[in-house]
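J.: Quick one, start-v1.csv (CSV, C-alpha atoms and all ligand atoms):
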chain,number,residue,atom,x,y,z
A,1434,MET,CA,-51.8,-19.9,37.8
A,1435,ARG,CA,-52.0,-18.4,34.3
A,1436,ILE,CA,-51.6,-20.5,31.2
A,1437,LEU,CA,-51.2,-19.5,27.6
A,1438,VAL,CA,-52.6,-21.9,25.0
A,1439,ILE,CA,-51.2,-21.4,21.4
A,1440,GLU,CA,-53.4,-23.5,19.2
A,1441,ASP,CA,-54.9,-22.7,15.8
A,1442,GLU,CA,-57.6,-25.3,15.8
A,1443,ARG,CA,-60.4,-23.4,17.5
A,1444,LYS,CA,-62.3,-26.5,18.7
A,1445,ILE,CA,-59.2,-28.0,20.4
A,1446,ALA,CA,-58.3,-24.6,21.8
A,1447,GLU,CA,-61.7,-24.1,23.2
A,1448,PHE,CA,-61.7,-27.6,24.7
A,1449,ILE,CA,-58.4,-27.0,26.5
A,1450,ARG,CA,-59.4,-23.5,27.6
A,1451,ARG,CA,-62.7,-24.7,29.1
A,1452,GLY,CA,-61.1,-27.7,30.8
A,1453,LEU,CA,-58.3,-25.7,32.3
A,1454,LYS,CA,-60.7,-23.0,33.5
A,1455,GLU,CA,-62.8,-25.6,35.2
A,1456,GLU,CA,-59.6,-26.6,37.1
A,1457,GLY,CA,-59.2,-23.0,38.3
A,1458,TYR,CA,-56.5,-21.8,35.9
A,1459,SER,CA,-56.7,-18.5,34.1
A,1460,VAL,CA,-56.2,-19.1,30.4
A,1461,ASP,CA,-55.4,-17.0,27.4
A,1462,VAL,CA,-55.6,-18.4,23.9
A,1463,ALA,CA,-53.7,-17.4,20.8
A,1464,TYR,CA,-54.8,-18.7,17.4
A,1465,ASP,CA,-51.6,-18.1,15.5
A,1466,GLY,CA,-47.9,-18.2,16.1
A,1467,GLU,CA,-47.2,-14.5,16.0
A,1468,GLN,CA,-50.0,-13.6,18.4
A,1469,GLY,CA,-48.8,-16.4,20.7
A,1470,TYR,CA,-45.2,-15.2,20.7
A,1471,ARG,CA,-46.4,-11.7,21.4
A,1472,LEU,CA,-48.6,-12.7,24.3
A,1473,ALA,CA,-45.8,-14.8,25.8
A,1474,ARG,CA,-43.5,-11.8,25.7
A,1475,ILE,CA,-46.0,-9.3,27.1
A,1476,ASN,CA,-47.6,-11.3,29.9
A,1477,GLU,CA,-46.1,-13.4,32.6
A,1478,TYR,CA,-47.4,-16.9,32.2
A,1479,ASP,CA,-46.8,-19.9,34.5
A,1480,LEU,CA,-47.1,-22.4,31.6
A,1481,ILE,CA,-47.4,-22.4,27.8
A,1482,ILE,CA,-49.2,-25.1,25.9
A,1483,LEU,CA,-47.9,-25.0,22.4
A,1484,ASP,CA,-49.1,-26.5,19.1
A,1485,LEU,CA,-46.4,-27.1,16.5
A,1486,MET,CA,-48.1,-26.5,13.2
A,1487,LEU,CA,-49.4,-23.0,13.4
A,1488,PRO,CA,-49.9,-20.2,10.9
A,1489,GLY,CA,-47.3,-17.5,11.1
A,1490,LEU,CA,-44.5,-18.6,13.4
A,1491,ASN,CA,-44.5,-22.4,13.9
A,1492,GLY,CA,-44.3,-23.9,17.4
A,1493,LEU,CA,-40.6,-24.8,17.2
A,1494,GLU,CA,-39.7,-21.3,16.2
A,1495,ILE,CA,-41.7,-19.8,19.1
A,1496,CYS,CA,-40.0,-22.2,21.5
A,1497,ARG,CA,-36.5,-21.4,20.3
A,1498,GLN,CA,-37.2,-17.7,20.2
A,1499,LEU,CA,-38.6,-17.6,23.8
A,1500,ARG,CA,-35.6,-19.5,25.1
A,1501,GLN,CA,-33.3,-17.1,23.2
A,1502,ASP,CA,-35.2,-14.3,24.9
A,1503,LYS,CA,-34.2,-16.0,28.2
A,1504,LEU,CA,-37.8,-16.8,29.2
A,1505,THR,CA,-37.8,-19.8,31.5
A,1506,VAL,CA,-41.6,-20.4,31.5
A,1507,PRO,CA,-42.3,-24.1,31.2
A,1508,ILE,CA,-43.5,-25.1,27.7
A,1509,LEU,CA,-45.6,-28.2,26.9
A,1510,ILE,CA,-45.7,-29.1,23.2
A,1511,LEU,CA,-49.1,-30.5,22.2
A,1512,THR,CA,-49.1,-31.8,18.7
A,1513,VAL,CA,-50.1,-34.5,16.2
A,1514,LYS,CA,-46.4,-35.0,15.2
A,1515,ASP,CA,-45.6,-38.2,17.0
A,1516,SER,CA,-42.3,-39.5,15.6
A,1517,VAL,CA,-39.3,-39.9,17.9
A,1518,GLN,CA,-37.4,-37.4,15.9
A,1519,ASP,CA,-40.2,-34.8,16.3
A,1520,LYS,CA,-40.2,-35.3,20.1
A,1521,VAL,CA,-36.4,-35.0,20.2
A,1522,THR,CA,-36.4,-31.8,18.1
A,1523,GLY,CA,-39.2,-30.4,20.2
A,1524,LEU,CA,-37.5,-31.0,23.5
A,1525,ASP,CA,-34.1,-29.8,22.1
A,1526,SER,CA,-35.7,-26.6,21.0
A,1527,GLY,CA,-36.4,-25.8,24.7
A,1528,ALA,CA,-39.7,-27.4,25.5
A,1529,ASN,CA,-40.1,-29.1,28.9
A,1530,ASP,CA,-42.6,-31.7,27.9
A,1531,TYR,CA,-44.2,-33.2,24.8
A,1532,LEU,CA,-47.7,-34.7,24.5
A,1533,THR,CA,-49.2,-36.0,21.2
A,1534,LYS,CA,-52.8,-35.6,20.0
A,1535,PRO,CA,-55.2,-37.2,20.4
A,1536,PHE,CA,-54.7,-36.9,24.2
A,1537,ALA,CA,-56.7,-37.6,27.3
A,1538,PHE,CA,-57.5,-34.4,29.1
A,1539,GLU,CA,-56.6,-36.0,32.4
A,1540,GLU,CA,-53.1,-36.7,31.2
A,1541,LEU,CA,-52.7,-33.1,29.9
A,1542,LEU,CA,-53.8,-31.9,33.4
A,1543,ALA,CA,-51.3,-34.2,35.2
A,1544,ARG,CA,-48.5,-32.9,33.0
A,1545,CYS,CA,-49.5,-29.3,33.6
A,1546,ARG,CA,-49.5,-29.9,37.3
A,1547,ALA,CA,-46.0,-31.6,37.1
A,1548,LEU,CA,-44.6,-28.6,35.1
A,1549,LEU,CA,-46.2,-26.1,37.5
A,1550,ARG,CA,-44.8,-27.8,40.5
A,1551,GLY,CA,-41.4,-26.2,39.9
A,1552,TYR,CA,-43.0,-22.9,40.9
A,1553,GLY,CA,-41.7,-22.4,44.4
A,1554,VAL,CA,-43.6,-25.3,46.0
A,1555,SER,CA,-42.0,-27.4,48.7
A,1556,GLU,CA,-44.6,-30.1,48.7
A,1557,PRO,CA,-45.9,-31.5,45.4
A,1558,THR,CA,-49.6,-31.7,46.0
A,1559,ARG,CA,-50.3,-29.7,49.1
A,1560,LEU,CA,-49.6,-26.2,50.2
A,1561,ARG,CA,-49.5,-25.3,53.8
A,1562,VAL,CA,-49.2,-21.9,55.6
A,1563,ALA,CA,-49.5,-22.1,59.4
A,1564,ASP,CA,-52.7,-24.1,60.0
A,1565,LEU,CA,-54.1,-23.4,56.6
A,1566,GLU,CA,-53.9,-26.1,54.0
A,1567,LEU,CA,-54.8,-26.4,50.3
A,1568,ASP,CA,-54.8,-29.8,48.6
A,1569,LEU,CA,-53.9,-29.1,45.0
A,1570,LEU,CA,-55.5,-32.3,43.7
A,1571,THR,CA,-58.9,-32.1,45.4
A,1572,ARG,CA,-58.8,-28.3,45.8
A,1573,ARG,CA,-59.9,-28.9,49.4
A,1574,VAL,CA,-59.1,-26.1,51.8
A,1575,THR,CA,-58.9,-26.5,55.6
A,1576,ARG,CA,-57.9,-24.2,58.5
A,1577,ALA,CA,-57.1,-25.9,61.8
A,1578,GLY,CA,-58.6,-29.0,60.3
A,1579,GLN,CA,-61.9,-27.2,59.6
A,1580,GLU,CA,-63.1,-27.4,56.0
A,1581,ILE,CA,-63.6,-24.1,54.2
A,1582,SER,CA,-65.7,-23.8,51.2
A,1583,LEU,CA,-64.4,-21.5,48.5
A,1584,THR,CA,-65.5,-20.6,45.0
A,1585,GLN,CA,-63.2,-21.5,42.1
A,1586,LYS,CA,-61.8,-18.0,41.8
A,1587,GLU,CA,-61.3,-17.6,45.6
A,1588,ASN,CA,-59.5,-21.0,45.5
A,1589,SER,CA,-57.2,-19.8,42.7
A,1590,LEU,CA,-56.5,-16.6,44.5
A,1591,LEU,CA,-55.7,-18.4,47.7
A,1592,GLU,CA,-53.4,-20.8,45.8
A,1593,TYR,CA,-51.5,-17.8,44.4
A,1594,LEU,CA,-51.1,-16.2,47.8
A,1595,MET,CA,-50.0,-19.5,49.4
A,1596,ARG,CA,-47.4,-20.1,46.7
A,1597,ASN,CA,-46.0,-16.7,47.4
A,1598,ALA,CA,-46.4,-16.9,51.2
A,1599,GLY,CA,-44.2,-14.5,53.1
A,1600,ARG,CA,-43.8,-12.3,50.0
A,1601,VAL,CA,-45.8,-9.1,49.1
A,1602,VAL,CA,-47.9,-9.7,46.1
A,1603,THR,CA,-49.2,-6.6,44.3
A,1604,ARG,CA,-52.6,-6.2,42.6
A,1605,THR,CA,-50.9,-6.3,39.3
A,1606,MET,CA,-49.2,-9.6,40.1
A,1607,ILE,CA,-52.6,-11.1,41.3
A,1608,ALA,CA,-54.3,-9.8,38.1
A,1609,GLU,CA,-51.7,-11.3,35.9
A,1610,HIS,CA,-51.7,-14.7,37.6
A,1611,VAL,CA,-55.2,-15.3,38.7
A,1612,TRP,CA,-57.2,-13.4,36.1
A,1613,ASP,CA,-56.8,-13.4,32.3
A,1614,MET,CA,-56.3,-10.9,29.6
A,1615,ASN,CA,-59.8,-9.7,29.7
A,1616,PHE,CA,-59.3,-8.4,33.3
A,1617,ASP,CA,-60.3,-4.8,33.8
A,1618,SER,CA,-57.6,-3.4,36.0
A,1619,PHE,CA,-59.7,-0.3,36.9
A,1620,THR,CA,-62.2,-2.2,38.9
A,1621,ASN,CA,-61.8,-3.1,42.5
A,1622,VAL,CA,-62.5,-6.8,41.9
A,1623,ILE,CA,-59.3,-7.9,43.6
A,1624,GLU,CA,-60.1,-6.1,46.8
A,1625,VAL,CA,-63.6,-7.6,46.7
A,1626,TYR,CA,-62.1,-11.1,46.3
A,1627,ILE,CA,-59.5,-10.5,49.0
A,1628,ASN,CA,-62.2,-9.4,51.4
A,1629,ARG,CA,-64.3,-12.5,50.6
A,1630,LEU,CA,-61.3,-14.7,51.2
A,1631,ARG,CA,-60.5,-13.0,54.4
A,1632,ASN,CA,-64.1,-13.6,55.7
A,1633,LYS,CA,-63.7,-17.3,55.0
A,1634,ILE,CA,-60.1,-17.9,56.0
A,1635,ASP,CA,-59.5,-15.5,58.8
A,1636,ARG,CA,-62.8,-14.8,60.5
A,1637,GLY,CA,-63.2,-16.6,63.7
A,1638,PHE,CA,-59.5,-17.2,64.1
A,1639,ASN,CA,-57.2,-15.4,66.5
A,1640,ARG,CA,-54.3,-14.8,64.1
A,1641,PRO,CA,-55.1,-13.4,60.7
A,1642,LEU,CA,-53.1,-14.8,57.7
A,1643,ILE,CA,-54.0,-12.3,55.0
A,1644,HIS,CA,-52.5,-8.9,55.6
A,1645,THR,CA,-52.8,-5.7,53.6
A,1646,ILE,CA,-49.6,-3.8,52.9
A,1647,ARG,CA,-50.8,-0.3,52.4
A,1648,GLY,CA,-49.9,1.1,48.9
A,1649,ARG,CA,-48.3,-2.2,47.9
A,1650,GLY,CA,-50.5,-5.2,48.0
A,1651,TYR,CA,-51.1,-8.2,50.2
A,1652,ILE,CA,-49.1,-10.8,52.0
A,1653,LEU,CA,-50.1,-14.2,53.3
A,1654,LYS,CA,-48.2,-15.1,56.5
A,1655,GLU,CA,-48.5,-16.1,60.1
B,1,CA,CA,-52.1,-26.8,14.3
Could you write out this file's structure as structure tokens?
Ligand code: CA

T.:
Amino acid sequence: MRILVIEDERKIAEFIRRGLKEEGYSVDVAYDGEQGYRLARINEYDLIILDLMLPGLNGLEICRQLRQDKLTVPILILTVKDSVQDKVTGLDSGANDYLTKPFAFEELLARCRALLRGYGVSEPTRLRVADLELDLLTRRVTRAGQEISLTQKENSLLEYLMRNAGRVVTRTMIAEHVWDMNFDSFTNVIEVYINRLRNKIDRGFNRPLIHTIRGRGYILKE
């Protein structure tokens, strides 16, 4: 899952970025409103965390503009502005949620999870494809009840494949949702990770779940 953080206070931005990365999200940060708006238009994010007081475009303007552009990406406003009127204005401008600073990182995470849940998931905290399971809260992965140990990146990649189970995902889609802006699309890093994941998920089982669709990408299915 790829998240855009639009926040001009570098310390806060870095705090959020690091915390989200530790949870396995890929994170891009924009330090001013215009850059934030531009990134939101260019890249396909699963969630945007948006400060309100920003140089350039302010948060409300970004929010309204993105909704006018027909972007449906969930937006979480994160701001020091804590009056009822501010919250009403924020939500009315198209934001999905509103959290005031100072905030507990755990609460921010819980709200992110709640907003991301809308993303094609049938069950809120657990993904399941055949006998493969991923618990989104503990990040624990099992196949046929057997625990499988994955690195954080492998875990994120598996989550993306599982959320799109039964659909072909291209390398570009994977790069956009599992890696961040600094990803070098000319390397074969995705193939490398898919192979590692295959070794852990499919090896030793009769029916493989990860399939290569030649010239197109990958599909996770029974
Ligand atoms: Ca600010």

J.: Distance limit 9 Å, reference ligand CA 1 (chain B), atoms considered: only C-alpha atoms and all ligand atoms. Which residues make the cut? Give them as a list in words.

T.: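 My answer, listing the contacting residues, is Ile1439, Glu1440, Asp1441, Glu1442, Asp1465, Asp1484, Leu1485, Met1486, Leu1487, Pro1488, Asn1491, Gly1492, Thr1512 and Val1513 of chain A.
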
J.: For each of A:Thr1571, A:Thr1522, A:Asn1597, A:Asn1615, take the minimum atom-to-atom distance to Ile1652 of chain A, counting only C-alpha atoms, then give the residue where this is smallest.

T.: A:Asn1597

J.: Out of A:Arg1636, A:Arg1561, A:His1610, A:Arg1604, which residue has the shortest atom-to-atom distance to Glu1655 of chain A when counting only C-alpha atoms?

T.: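 For Glu1655 of chain A, the nearest of the candidates is A:Arg1561.
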
J.: Between atom CA of Lys1444 of chain A and atom CA of Ala1547 of chain A, what is the distance, to one decimal in Å?

T.: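 Distance between the two atoms: 25.1 Å.
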
J.: Could the centre and edge lengths of an axis-aligned box, enclosing all atoms of segment 1589-1608 of chain A in the file with 3 Å extra on each side, be given in Å to one decimal as AutoDock Vina command-line options?

T.:
--center_x -50.5 --center_y -13.5 --center_z 45.6 --size_x 19.4 --size_y 20.6 --size_z 21.0

J.: Can you measure atom CA of Cys1496 of chain A to atom CA of Phe1616 of chain A for me? One decimal in Å is fine.

T.: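 Pair atom CA of Cys1496 of chain A / atom CA of Phe1616 of chain A returns 26.5 Å.
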
J.: Between A:Val1574, A:Val1601, A:Met1614, A:Met1595, which is the closest to Ala1473 of chain A once you count all atoms listed in the file?

T.: A:Met1614

J.: What's the separation between atom CA of Val1438 of chain A and atom CA of Ala1528 of chain A, in Å to one decimal place?

T.: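 Those two atoms sit 14.0 Å apart.
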
J.: Point out the residue among A:Ile1510, A:Ala1563, A:Ile1445, A:Thr1584 with the least atom-to-atom distance to Gly1599 of chain A, counting all atoms listed in the file.

T.: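 Once distances to Gly1599 of chain A are computed over all atoms listed in the file, the minimum belongs to A:Ala1563.
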
J.: Which residues are close to Gly1578 of chain A, i.e. within 9 Å by all atoms listed in the file, leaving aside same-chain residues fewer than 5 positions away? Reply as an MDAnalysis selection string.

T.: chainID A and resid 1564:1566

J.: Would you list the contacts of segment 1446-1458 of chain A as a PyMOL selection string, taking every protein, DNA or RNA residue within 6 Å and counting only C-alpha atoms, but skipping same-chain residues closer than 5 positions in sequence?

T.: chain A and resi 1434-1435+1440+1585+1589

J.: With only C-alpha atoms counted, which protein, DNA or RNA residues have an atom no more than 9 Å from (-64.6, -11.6, 46.9) in the file frame? Please answer as a count of residues only.

T.: 12

J.: Counting only C-alpha atoms, which residue out of A:Ile1436, A:Ala1577, A:Val1462, A:Leu1509 sits closest to Glu1477 of chain A?

T.: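 Distance minimum relative to Glu1477 of chain A lands on A:Ile1436.
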
J.: With all heavy atoms as the target, complete segment 1569-1580 of chain A and hand it back as a compact mmCIF listing (two decimals), in the frame of the given file.

T.:
# COMPACT_ATOMS: atom_id res chain seq x y z
N LEU A 1569 -53.86 -29.51 46.37
CA LEU A 1569 -53.90 -29.10 45.00
C LEU A 1569 -54.65 -30.07 44.07
O LEU A 1569 -55.08 -29.72 42.98
CB LEU A 1569 -52.51 -28.83 44.44
CG LEU A 1569 -51.77 -27.66 45.09
CD1 LEU A 1569 -50.31 -27.64 44.66
CD2 LEU A 1569 -52.45 -26.33 44.75
N LEU A 1570 -54.78 -31.30 44.53
CA LEU A 1570 -55.50 -32.30 43.70
C LEU A 1570 -56.99 -32.22 43.89
O LEU A 1570 -57.74 -32.23 42.92
CB LEU A 1570 -54.97 -33.70 44.02
CG LEU A 1570 -53.51 -33.95 43.64
CD1 LEU A 1570 -53.09 -35.35 44.07
CD2 LEU A 1570 -53.29 -33.77 42.13
N THR A 1571 -57.42 -32.11 45.12
CA THR A 1571 -58.90 -32.10 45.40
C THR A 1571 -59.38 -30.67 45.51
O THR A 1571 -60.60 -30.46 45.55
CB THR A 1571 -59.19 -32.83 46.69
OG1 THR A 1571 -58.50 -32.17 47.77
CG2 THR A 1571 -58.72 -34.28 46.63
N ARG A 1572 -58.49 -29.68 45.61
CA ARG A 1572 -58.80 -28.30 45.80
C ARG A 1572 -59.43 -28.01 47.20
O ARG A 1572 -60.03 -26.97 47.44
CB ARG A 1572 -59.73 -27.68 44.73
CG ARG A 1572 -59.33 -27.92 43.31
CD ARG A 1572 -57.96 -27.44 42.99
NE ARG A 1572 -57.74 -26.01 43.23
CZ ARG A 1572 -56.61 -25.39 42.94
NH1 ARG A 1572 -55.62 -26.05 42.41
NH2 ARG A 1572 -56.47 -24.11 43.19
N ARG A 1573 -59.34 -29.00 48.09
CA ARG A 1573 -59.90 -28.90 49.40
C ARG A 1573 -59.10 -27.94 50.28
O ARG A 1573 -57.88 -28.04 50.30
CB ARG A 1573 -60.00 -30.27 50.04
CG ARG A 1573 -60.81 -30.36 51.30
CD ARG A 1573 -61.05 -31.84 51.64
NE ARG A 1573 -61.68 -31.94 52.96
CZ ARG A 1573 -60.99 -32.14 54.08
NH1 ARG A 1573 -59.68 -32.28 54.05
NH2 ARG A 1573 -61.62 -32.20 55.24
N VAL A 1574 -59.79 -27.02 50.97
CA VAL A 1574 -59.10 -26.10 51.80
C VAL A 1574 -59.53 -26.30 53.28
O VAL A 1574 -60.73 -26.44 53.55
CB VAL A 1574 -59.44 -24.61 51.43
CG1 VAL A 1574 -58.80 -23.61 52.40
CG2 VAL A 1574 -58.99 -24.33 50.01
N THR A 1575 -58.55 -26.36 54.19
CA THR A 1575 -58.90 -26.50 55.60
C THR A 1575 -58.07 -25.48 56.40
O THR A 1575 -56.96 -25.12 56.03
CB THR A 1575 -58.60 -27.89 56.16
OG1 THR A 1575 -57.21 -28.18 55.96
CG2 THR A 1575 -59.44 -28.95 55.48
N ARG A 1576 -58.67 -25.01 57.49
CA ARG A 1576 -57.90 -24.20 58.50
C ARG A 1576 -58.10 -24.87 59.82
O ARG A 1576 -59.25 -25.02 60.24
CB ARG A 1576 -58.25 -22.76 58.45
CG ARG A 1576 -57.38 -22.01 59.45
CD ARG A 1576 -57.13 -20.57 59.15
NE ARG A 1576 -56.16 -20.09 60.14
CZ ARG A 1576 -56.00 -18.83 60.46
NH1 ARG A 1576 -56.71 -17.90 59.86
NH2 ARG A 1576 -55.12 -18.48 61.37
N ALA A 1577 -57.02 -25.19 60.49
CA ALA A 1577 -57.10 -25.90 61.80
C ALA A 1577 -57.96 -27.15 61.64
O ALA A 1577 -58.75 -27.45 62.53
CB ALA A 1577 -57.54 -24.99 62.88
N GLY A 1578 -57.87 -27.80 60.51
CA GLY A 1578 -58.60 -29.00 60.30
C GLY A 1578 -60.08 -28.83 59.88
O GLY A 1578 -60.79 -29.76 59.52
N GLN A 1579 -60.53 -27.57 59.90
CA GLN A 1579 -61.90 -27.20 59.60
C GLN A 1579 -62.04 -26.96 58.09
O GLN A 1579 -61.30 -26.13 57.55
CB GLN A 1579 -62.25 -25.95 60.33
CG GLN A 1579 -63.59 -25.90 60.98
CD GLN A 1579 -63.68 -24.62 61.80
OE1 GLN A 1579 -62.94 -24.42 62.78
NE2 GLN A 1579 -64.54 -23.72 61.36
N GLU A 1580 -62.97 -27.61 57.41
CA GLU A 1580 -63.10 -27.40 56.00
C GLU A 1580 -63.68 -26.04 55.65
O GLU A 1580 -64.63 -25.59 56.29
CB GLU A 1580 -63.96 -28.51 55.35
CG GLU A 1580 -64.01 -28.38 53.84
CD GLU A 1580 -64.22 -29.70 53.12
OE1 GLU A 1580 -64.31 -30.74 53.79
OE2 GLU A 1580 -64.28 -29.67 51.89
